[in-house]
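Data from target_0.txt: compact mmCIF, C-alpha atoms
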```
# COMPACT_ATOMS: atom_id res chain seq x y z
CA MET A 1309 65.91 147.84 129.90
CA SER A 1310 67.97 144.73 129.42
CA LYS A 1311 70.96 144.93 127.18
CA THR A 1312 71.26 143.23 123.82
CA LYS A 1313 73.85 140.46 123.85
CA PHE A 1314 76.17 140.49 120.85
CA GLY A 1315 78.42 137.53 120.06
CA VAL A 1316 81.35 138.32 117.79
CA VAL A 1317 82.79 135.21 116.13
CA VAL A 1318 86.57 135.14 115.85
CA PHE A 1319 88.05 133.10 113.03
CA PRO A 1320 91.79 132.76 112.47
CA GLY A 1321 92.43 135.83 110.33
CA SER A 1322 89.48 137.92 111.51
CA ASN A 1323 90.67 141.50 111.99
CA CYS A 1324 87.51 143.53 112.55
CA ASP A 1325 86.40 141.51 115.55
CA HIS A 1326 87.66 144.13 118.01
CA ASP A 1327 85.96 146.94 116.08
CA ALA A 1328 82.66 145.06 116.11
CA PHE A 1329 83.08 144.30 119.80
CA ALA A 1330 83.84 147.96 120.61
CA ALA A 1331 80.96 149.18 118.46
CA ALA A 1332 78.50 146.95 120.32
CA SER A 1333 79.89 147.37 123.82
CA ARG A 1334 81.64 150.73 124.18
CA VAL A 1335 79.67 152.81 121.67
CA MET A 1336 76.23 151.23 121.85
CA GLU A 1337 76.65 150.24 125.52
CA GLN A 1338 75.34 146.74 125.02
CA GLU A 1339 76.85 143.43 126.08
CA ALA A 1340 79.38 141.77 123.82
CA ARG A 1341 81.50 138.66 123.94
CA TYR A 1342 83.93 136.98 121.58
CA ILE A 1343 83.14 133.50 120.31
CA TRP A 1344 86.23 131.55 119.19
CA HIS A 1345 85.52 129.67 115.99
CA LYS A 1346 86.23 126.29 117.64
CA GLU A 1347 83.52 126.75 120.24
CA GLY A 1348 80.68 124.28 119.94
CA SER A 1349 78.11 126.70 121.32
CA LEU A 1350 77.24 130.34 120.83
CA GLY A 1351 76.16 130.73 124.42
CA ASP A 1352 73.39 133.09 125.37
CA VAL A 1353 73.45 135.70 122.61
CA ASP A 1354 70.79 137.72 120.79
CA VAL A 1355 72.87 138.74 117.78
CA VAL A 1356 75.76 136.97 116.08
CA ILE A 1357 78.27 139.06 114.16
CA LEU A 1358 80.64 137.45 111.67
CA PRO A 1359 83.27 140.17 111.43
CA GLY A 1360 85.52 141.29 108.61
CA GLY A 1361 89.02 140.11 107.98
CA PHE A 1362 90.81 137.43 106.02
CA SER A 1363 89.67 134.21 107.62
CA TYR A 1364 92.05 131.39 106.72
CA GLY A 1365 94.02 133.81 104.59
CA ASP A 1366 91.22 133.83 102.00
CA TYR A 1367 92.62 130.46 100.86
CA LEU A 1368 90.70 128.82 98.00
CA ARG A 1369 87.95 131.48 98.04
CA THR A 1370 87.01 134.14 100.55
CA GLY A 1371 85.02 132.50 103.33
CA ALA A 1372 85.29 129.02 101.79
CA ILE A 1373 87.23 127.44 104.66
CA ALA A 1374 85.73 129.46 107.51
CA ARG A 1375 82.34 128.04 106.83
CA PHE A 1376 83.63 124.65 107.97
CA SER A 1377 84.73 126.02 111.35
CA PRO A 1378 82.95 124.15 114.16
CA VAL A 1379 81.07 127.26 115.31
CA MET A 1380 79.41 127.64 111.92
CA LYS A 1381 77.15 124.65 112.61
CA GLU A 1382 75.80 126.59 115.56
CA VAL A 1383 75.53 129.81 113.55
CA VAL A 1384 73.47 127.96 110.93
CA ARG A 1385 71.26 126.46 113.63
CA PHE A 1386 70.84 129.88 115.29
CA ALA A 1387 69.93 131.42 111.92
CA LYS A 1388 67.43 128.66 111.10
CA LYS A 1389 65.70 129.33 114.42
CA GLY A 1390 65.30 132.96 113.45
CA GLY A 1391 68.27 134.39 115.34
CA THR A 1392 69.74 137.66 114.13
CA VAL A 1393 72.99 137.20 112.18
CA ILE A 1394 75.09 139.98 110.67
CA GLY A 1395 77.99 139.28 108.33
CA ILE A 1396 80.26 142.22 107.61
CA CYS A 1397 82.71 142.10 104.71
CA ASN A 1398 84.50 138.74 105.15
CA GLY A 1399 81.55 137.79 107.36
CA PHE A 1400 79.25 138.43 104.39
CA GLN A 1401 81.49 136.25 102.22
CA ILE A 1402 81.29 133.47 104.82
CA LEU A 1403 77.47 133.69 104.90
CA LEU A 1404 77.44 133.31 101.10
CA GLU A 1405 79.72 130.28 101.22
CA ALA A 1406 77.65 128.78 104.02
CA GLY A 1407 74.52 129.14 101.90
CA LEU A 1408 72.79 131.38 104.46
CA LEU A 1409 72.61 134.09 101.80
CA PRO A 1410 72.39 133.62 98.03
CA GLY A 1411 75.11 134.55 95.54
CA ALA A 1412 78.90 134.80 95.57
CA MET A 1413 81.73 137.33 95.51
CA LEU A 1414 84.13 137.85 92.63
CA ARG A 1415 87.34 139.87 92.65
CA ASN A 1416 86.59 143.58 92.36
CA GLY A 1417 86.03 144.51 88.73
CA ASN A 1418 89.17 146.65 88.57
CA LEU A 1419 91.20 144.01 90.46
CA LYS A 1420 92.12 146.59 93.11
CA PHE A 1421 91.62 146.42 96.84
CA VAL A 1422 89.28 149.30 97.60
CA CYS A 1423 89.53 151.03 100.97
CA ARG A 1424 87.57 154.26 101.37
CA HIS A 1425 84.30 155.76 102.48
CA VAL A 1426 81.38 155.05 100.15
CA PHE A 1427 77.75 156.07 100.17
CA LEU A 1428 74.93 153.58 100.54
CA ARG A 1429 71.29 154.10 99.76
CA VAL A 1430 68.91 152.36 102.13
CA GLU A 1431 66.55 150.40 99.88
CA ASN A 1432 64.41 148.72 102.47
CA ALA A 1433 63.97 150.36 105.87
CA GLU A 1434 61.45 147.87 107.16
CA THR A 1435 63.91 145.30 108.40
CA ARG A 1436 65.48 144.61 111.75
CA PHE A 1437 68.79 145.90 110.32
CA THR A 1438 67.54 149.21 108.93
CA SER A 1439 64.47 150.20 110.95
CA GLU A 1440 66.23 153.31 112.28
CA CYS A 1441 66.62 154.55 108.69
CA SER A 1442 64.13 155.66 106.08
CA ALA A 1443 64.05 154.24 102.58
CA GLY A 1444 66.23 156.45 100.41
CA ASP A 1445 68.50 157.57 103.26
CA VAL A 1446 72.14 157.88 102.28
CA LEU A 1447 74.69 156.45 104.71
CA LYS A 1448 78.41 157.16 104.62
CA ILE A 1449 80.26 153.99 105.57
CA PRO A 1450 83.73 152.70 104.63
CA VAL A 1451 84.53 149.64 102.53
CA ALA A 1452 87.79 147.71 102.57
CA HIS A 1453 87.86 144.65 100.37
CA GLY A 1454 89.32 143.00 97.30
CA GLU A 1455 86.43 140.62 96.66
CA GLY A 1456 83.17 142.52 96.97
CA ASN A 1457 81.89 142.12 93.45
CA TYR A 1458 78.52 140.54 94.17
CA ILE A 1459 77.20 138.08 91.64
CA ALA A 1460 74.18 135.80 91.45
CA ASP A 1461 72.18 134.29 88.63
CA GLU A 1462 69.41 136.38 87.16
CA ALA A 1463 66.59 134.50 88.85
CA THR A 1464 68.23 135.04 92.24
CA VAL A 1465 68.70 138.76 91.66
CA GLU A 1466 65.11 139.09 90.48
CA SER A 1467 63.83 137.36 93.59
CA LEU A 1468 66.06 139.54 95.81
CA LYS A 1469 64.46 142.58 94.20
CA GLU A 1470 60.92 141.26 94.35
CA ARG A 1471 61.17 140.38 98.02
CA ASP A 1472 62.94 143.61 98.96
CA GLN A 1473 65.96 141.69 100.19
CA ILE A 1474 68.41 144.26 98.86
CA LEU A 1475 69.01 146.55 101.84
CA PHE A 1476 71.87 148.74 100.62
CA ARG A 1477 73.08 149.86 97.22
CA TYR A 1478 76.24 151.84 96.45
CA CYS A 1479 75.27 155.36 95.43
CA SER A 1480 76.57 158.89 95.03
CA SER A 1481 76.58 161.34 97.97
CA SER A 1482 73.18 162.54 96.79
CA GLY A 1483 71.75 159.04 96.62
CA VAL A 1484 71.97 158.33 92.89
CA VAL A 1485 72.70 154.67 92.19
CA ASP A 1486 75.01 154.63 89.17
CA ALA A 1487 78.04 152.81 87.79
CA GLU A 1488 80.37 155.58 88.94
CA SER A 1489 79.54 155.06 92.60
CA ASN A 1490 79.95 151.30 92.40
CA PRO A 1491 83.36 150.56 93.98
CA ASN A 1492 83.67 146.93 92.95
CA GLY A 1493 81.41 146.08 90.01
CA SER A 1494 78.63 144.46 92.09
CA MET A 1495 75.49 143.52 90.19
CA GLU A 1496 72.77 146.11 90.72
CA ASN A 1497 75.22 148.08 92.92
CA ILE A 1498 74.41 145.62 95.68
CA ALA A 1499 76.22 146.43 98.95
CA GLY A 1500 74.05 144.48 101.39
CA ILE A 1501 71.28 141.86 101.30
CA MET A 1502 69.24 139.81 103.72
CA ASN A 1503 67.70 136.35 103.51
CA SER A 1504 64.02 135.93 102.65
CA GLU A 1505 63.14 135.33 106.32
CA GLY A 1506 64.71 138.69 107.19
CA ASN A 1507 66.97 137.55 110.03
CA VAL A 1508 70.33 137.13 108.27
CA MET A 1509 72.06 140.13 106.71
CA GLY A 1510 75.36 140.51 104.90
CA MET A 1511 77.01 143.75 103.85
CA MET A 1512 80.42 144.57 102.42
CA PRO A 1513 80.74 148.06 104.00
CA HIS A 1514 81.80 148.29 107.64
CA PRO A 1515 79.19 149.91 109.91
CA GLU A 1516 81.40 149.09 112.92
CA ARG A 1517 84.02 151.46 111.48
CA ALA A 1518 81.53 154.29 111.21
CA MET A 1519 80.52 154.72 114.82
CA GLU A 1520 81.90 158.17 115.71
CA SER A 1521 81.71 161.36 113.71
CA GLU A 1522 85.25 162.26 114.82
CA LEU A 1523 86.41 159.29 112.74
CA GLY A 1524 84.59 160.31 109.59
CA SER A 1525 81.04 159.10 110.08
CA ALA A 1526 78.66 157.79 112.71
CA ASP A 1527 76.17 156.37 110.21
CA GLY A 1528 77.08 152.81 111.12
CA ARG A 1529 75.30 153.34 114.43
CA LYS A 1530 72.00 153.18 112.60
CA VAL A 1531 72.53 149.53 111.76
CA PHE A 1532 73.35 148.71 115.38
CA GLN A 1533 70.50 150.86 116.70
CA SER A 1534 68.07 149.14 114.36
CA VAL A 1535 69.09 145.68 115.52
CA ILE A 1536 68.98 146.66 119.20
CA GLY A 1537 65.62 148.35 118.76
CA SER A 1538 64.08 145.42 116.92
CA LEU A 1539 65.11 143.03 119.67
CA VAL A 1540 63.51 145.20 122.33
CA LEU A 1541 60.24 145.09 120.41
CA THR A 1542 60.12 141.32 119.98
CA MET B 1301 95.86 104.57 94.70
CA TYR B 1302 94.56 107.24 92.40
CA GLN B 1303 95.73 110.73 91.55
CA SER B 1304 93.22 113.50 90.91
CA HIS B 1305 93.96 116.65 88.95
CA VAL B 1306 91.24 119.27 89.27
CA THR B 1307 90.89 122.48 87.29
CA VAL B 1308 88.59 125.23 88.56
CA THR B 1309 87.79 128.18 86.30
CA LEU B 1310 85.36 131.06 86.37
CA ARG B 1311 82.22 130.19 84.44
CA LYS B 1312 82.37 131.20 80.80
CA SER B 1313 79.58 133.74 81.29
CA ILE B 1314 81.61 135.58 83.91
CA LEU B 1315 84.13 138.24 82.97
CA ASP B 1316 87.62 137.33 84.14
CA PRO B 1317 89.40 140.68 84.57
CA GLN B 1318 92.60 138.98 85.69
CA GLY B 1319 92.66 136.83 82.56
CA LYS B 1320 91.95 139.88 80.46
CA ALA B 1321 94.85 141.83 81.97
CA VAL B 1322 97.20 138.90 81.38
CA GLU B 1323 95.93 138.56 77.81
CA GLN B 1324 96.78 142.20 77.20
CA ALA B 1325 100.29 141.54 78.51
CA VAL B 1326 100.59 138.56 76.16
CA HIS B 1327 99.60 140.87 73.30
CA SER B 1328 102.26 143.36 74.46
CA LEU B 1329 104.77 140.55 74.12
CA GLY B 1330 103.85 140.40 70.47
CA PHE B 1331 101.66 137.30 70.57
CA GLU B 1332 98.55 138.89 69.19
CA VAL B 1333 97.35 135.49 68.02
CA VAL B 1334 96.47 134.60 71.63
CA HIS B 1335 92.82 135.03 72.69
CA GLY B 1336 90.35 133.94 75.34
CA LEU B 1337 92.89 133.74 78.14
CA ARG B 1338 91.27 132.70 81.42
CA ILE B 1339 92.87 132.10 84.78
CA GLY B 1340 91.85 129.27 87.04
CA LYS B 1341 93.15 127.06 89.81
CA HIS B 1342 94.82 123.70 89.67
CA VAL B 1343 94.33 121.34 92.61
CA GLU B 1344 95.86 117.89 92.91
CA PHE B 1345 95.53 115.18 95.48
CA SER B 1346 95.68 111.43 95.82
CA VAL B 1347 92.74 109.24 96.75
CA ASP B 1348 92.97 105.94 98.61
CA SER B 1349 90.40 103.96 96.75
CA ALA B 1350 89.87 100.47 95.45
CA SER B 1351 88.41 101.49 92.11
CA GLN B 1352 88.52 104.20 89.48
CA GLU B 1353 84.78 104.82 89.88
CA GLU B 1354 85.08 105.32 93.62
CA ALA B 1355 88.03 107.72 93.18
CA GLU B 1356 86.08 109.71 90.61
CA ARG B 1357 83.04 109.87 92.84
CA VAL B 1358 85.13 111.18 95.73
CA THR B 1359 86.81 113.75 93.48
CA GLU B 1360 83.46 114.89 92.11
CA GLN B 1361 82.09 115.43 95.61
CA VAL B 1362 85.20 117.29 96.78
CA CYS B 1363 84.86 119.58 93.75
CA ARG B 1364 81.17 120.18 94.23
CA LYS B 1365 81.20 120.67 97.96
CA LEU B 1366 84.38 122.68 98.34
CA LEU B 1367 86.82 123.29 95.52
CA ALA B 1368 84.40 125.09 93.20
CA ASN B 1369 81.60 127.51 93.99
CA PRO B 1370 78.87 126.65 91.48
CA VAL B 1371 77.56 130.22 91.51
CA MET B 1372 80.64 131.43 89.67
CA GLU B 1373 82.93 128.52 88.87
CA ASP B 1374 83.12 125.40 86.72
CA TYR B 1375 85.37 122.45 87.38
CA SER B 1376 86.80 119.53 85.50
CA PHE B 1377 89.07 116.73 86.66
CA GLN B 1378 91.14 113.76 85.61
CA VAL B 1379 91.68 110.74 87.79
CA THR B 1380 94.52 108.35 87.00
CA LYS B 1381 95.68 105.17 88.68
CA VAL B 1382 99.13 105.31 90.21
CA GLU B 1383 101.23 102.37 91.36
CA VAL B 1384 102.15 102.40 95.01
CA ARG B 1385 105.70 101.18 95.67
CA ARG B 1386 105.99 98.69 98.45
```
Just give me the structure as structure tokens.
Amino acid sequence: MSKTKFGVVVFPGSNCDHDAFAAASRVMEQEARYIWHKEGSLGDVDVVILPGGFSYGDYLRTGAIARFSPVMKEVVRFAKKGGTVIGICNGFQILLEAGLLPGAMLRNGNLKFVCRHVFLRVENAETRFTSECSAGDVLKIPVAHGEGNYIADEATVESLKERDQILFRYCSSSGVVDAESNPNGSMENIAGIMNSEGNVMGMMPHPERAMESELGSADGRKVFQSVIGSLVLT
Amino acid sequence: MYQSHVTVTLRKSILDPQGKAVEQAVHSLGFEVVHGLRIGKHVEFSVDSASQEEAERVTEQVCRKLLANPVMEDYSFQVTKVEVRR
């Protein structure tokens, strides 16, 4: 079976690029390569990961400058052709600023940087990012962000719900979605969404940091397994 | 040459927790008459342009395409002519 080729984009200020690379290559035993943000081509990749971090120091707004990096033109082109794109944390913020996903991120409601394990309920398991899960599954995955307070206008949120584009919601350990388990004030407890075509996904929690049970949780593997599995099928 | 002064603020409909915290501090100072405190960003730059209209159009586009995110922010700006010393 041929290996899935992951491309991890590196922006100045990315700091989860090595984790994403290790998750794809060492843990999942697939191919991975770094793509410097100035590169004009993605090369031969199946999946593009925009990793977490503080690209451009979060100047102006999170992700606002990174989306003008030369490589982003290629990421947009890749996404428009149906390529699989995953944005994690700052990567999610970049996808929002680039217009590949709808909405925006505000400062966390309590103004604090939140860094801990949270629980996510899988809302839609029929996607290339969640196919190894079942709807209602609870995943334990860490978050680490100061701006993860998802916001969008009402019409956008309604259409996300109608089209099952909300993939993950913050929940309690038993899977109850409530205000108490919302770490940042996100609308609808939204932790991760995909575009209407189903090939671009952004999530604030870090699946690449939840790859080994010795380190607290291996639930992040499910996201990687799903993506790898879906590419084998197509 | 023209000078642009841009103000970017969170949209009125969006809660500004930072502004709220600062407002509480203002109240602690004893100024309980102060309300509706909101925090935004100030951006200034000069524009090489032959006309006021052109400078305003450039400023508008810079605001719309980069300085403000319309999902959550509003912007306003002032453009004034400045004399360039030779």
Within 12 Å of stretch 1489-1512 of chain A, which residues of stretch 1301-1343 of chain B show up? Give each one with its shortest atom-to-atom distance in Å (one decimal) and the two atoms involved, counting only C-alpha atoms, rows by chain then rising residue number, as a tab-separated table.
```
residue	atom	partner	partner_atom	distance
B:Ile1314	CA	A:Met1495	CA	11.8
B:Leu1315	CA	A:Gly1493	CA	10.9
B:Pro1317	CA	A:Gly1493	CA	11.1
```
So the first atom is atom CA of A:Leu1403 and the second is atom CA of A:Gly1371; what is the distance between them in Å, to one decimal place? 7.8 Å
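Put simply, atom CA of B:Tyr1375 is 19.4 Å away from atom CA of A:Ala1406.
Of the listed residues B:Glu1373, B:Val1333, B:Gly1340, B:Glu1360, the one whose atoms come nearest to B:Thr1307 is B:Gly1340, with distances taken using only C-alpha atoms.
With all atoms listed in the file as the basis for measurement, B:Leu1367 is the residue among B:Val1384, B:Val1379, B:Leu1367, B:Val1347 that approaches chain A most closely.
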Give me, as an mmCIF file with C-alpha atoms, keeping the file's coordinate frame, the contact residues of chain A against chain B at a cut-off of 8 Å, counting only C-alpha atoms.
```cif
data_model
loop_
_atom_site.group_PDB
_atom_site.id
_atom_site.type_symbol
_atom_site.label_atom_id
_atom_site.label_comp_id
_atom_site.auth_asym_id
_atom_site.auth_seq_id
_atom_site.Cartn_x
_atom_site.Cartn_y
_atom_site.Cartn_z
ATOM 1 C CA LEU A 1368 90.700 128.820 98.000
ATOM 2 C CA ALA A 1372 85.290 129.020 101.790
ATOM 3 C CA GLU A 1405 79.720 130.280 101.220
ATOM 4 C CA GLY A 1411 75.110 134.550 95.540
ATOM 5 C CA ALA A 1412 78.900 134.800 95.570
ATOM 6 C CA LEU A 1414 84.130 137.850 92.630
ATOM 7 C CA GLY A 1417 86.030 144.510 88.730
ATOM 8 C CA ASN A 1418 89.170 146.650 88.570
ATOM 9 C CA LEU A 1419 91.200 144.010 90.460
ATOM 10 C CA ILE A 1459 77.200 138.080 91.640
ATOM 11 C CA ALA A 1460 74.180 135.800 91.450
ATOM 12 C CA ASP A 1461 72.180 134.290 88.630
#
```
Need the neighbours of (64.5, 155.3, 101.8): which residues are at most 8 Å away, counting only C-alpha atoms, as a PDB file with C-alpha atoms, keeping the file's coordinate frame?
```pdb
ATOM      1  CA  ARG A1429      71.290 154.100  99.760  1.00  0.00           C
ATOM      2  CA  VAL A1430      68.910 152.360 102.130  1.00  0.00           C
ATOM      3  CA  GLU A1431      66.550 150.400  99.880  1.00  0.00           C
ATOM      4  CA  ASN A1432      64.410 148.720 102.470  1.00  0.00           C
ATOM      5  CA  ALA A1433      63.970 150.360 105.870  1.00  0.00           C
ATOM      6  CA  CYS A1441      66.620 154.550 108.690  1.00  0.00           C
ATOM      7  CA  SER A1442      64.130 155.660 106.080  1.00  0.00           C
ATOM      8  CA  ALA A1443      64.050 154.240 102.580  1.00  0.00           C
ATOM      9  CA  GLY A1444      66.230 156.450 100.410  1.00  0.00           C
ATOM     10  CA  ASP A1445      68.500 157.570 103.260  1.00  0.00           C
TER      11      ASP A1445
END
```
List the neighbours of B:Thr1359 out to 10 Å using only C-alpha atoms; skip same-chain residues closer than 5 positions along the sequence, and give me the result as a list of chain:residue names. B:Gln1303, B:Ser1304, B:His1305, B:Val1306, B:Glu1344, B:Phe1345, B:Ser1346, B:Val1347, B:Glu1353, B:Glu1354, B:Arg1364, B:Lys1365, B:Leu1367, B:Ser1376, B:Phe1377, B:Gln1378, B:Val1379
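Counting only C-alpha atoms, B:Gly1336 has the following residues at most 10 Å away, ignoring those fewer than 4 positions along the same chain: Asp1316, Gly1319, Lys1320 and Glu1323 of chain B.
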Give the centre and edge lengths of an axis-aligned box, in Å to one decimal, that holds all listed atoms of stretch 1316-1323 of chain A with 8 Å on each side, as JSON.
```
{"center_x": 86.9, "center_y": 137.1, "center_z": 114.1, "size_x": 27.1, "size_y": 24.7, "size_z": 23.5}
```
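You will find atom CA of A:Ala1328 at 10.2 Å from atom CA of A:Arg1341.
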Need to verify the contact set: A:Cys1324, 6 Å, all atoms listed in the file, exclusion of same-chain residues closer than 2 positions in sequence. Can you return it as a PyMOL selection string? chain A and resi 1326-1327+1359-1361
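With distances restricted to all atoms listed in the file, B:Met1301 is the closest residue to B:Ala1355 from B:Met1301, B:Glu1383, B:His1342, B:Ser1328.
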Calculated over all atoms listed in the file, which of the candidates A:Gln1473, A:Ser1538, A:Gln1533, A:Ser1363 has the smallest distance to A:Met1336? A:Gln1533
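With only C-alpha atoms as the atoms that count, the minimum distance from B:Lys1312 to the choices B:Val1358, B:Lys1381, B:Ala1325, B:Asp1374 is reached by B:Asp1374.
If you measure from each of B:Val1308, B:Val1322, B:Val1362, B:Ser1351 to B:Leu1337 using all atoms listed in the file, the closest one turns out to be B:Val1322.
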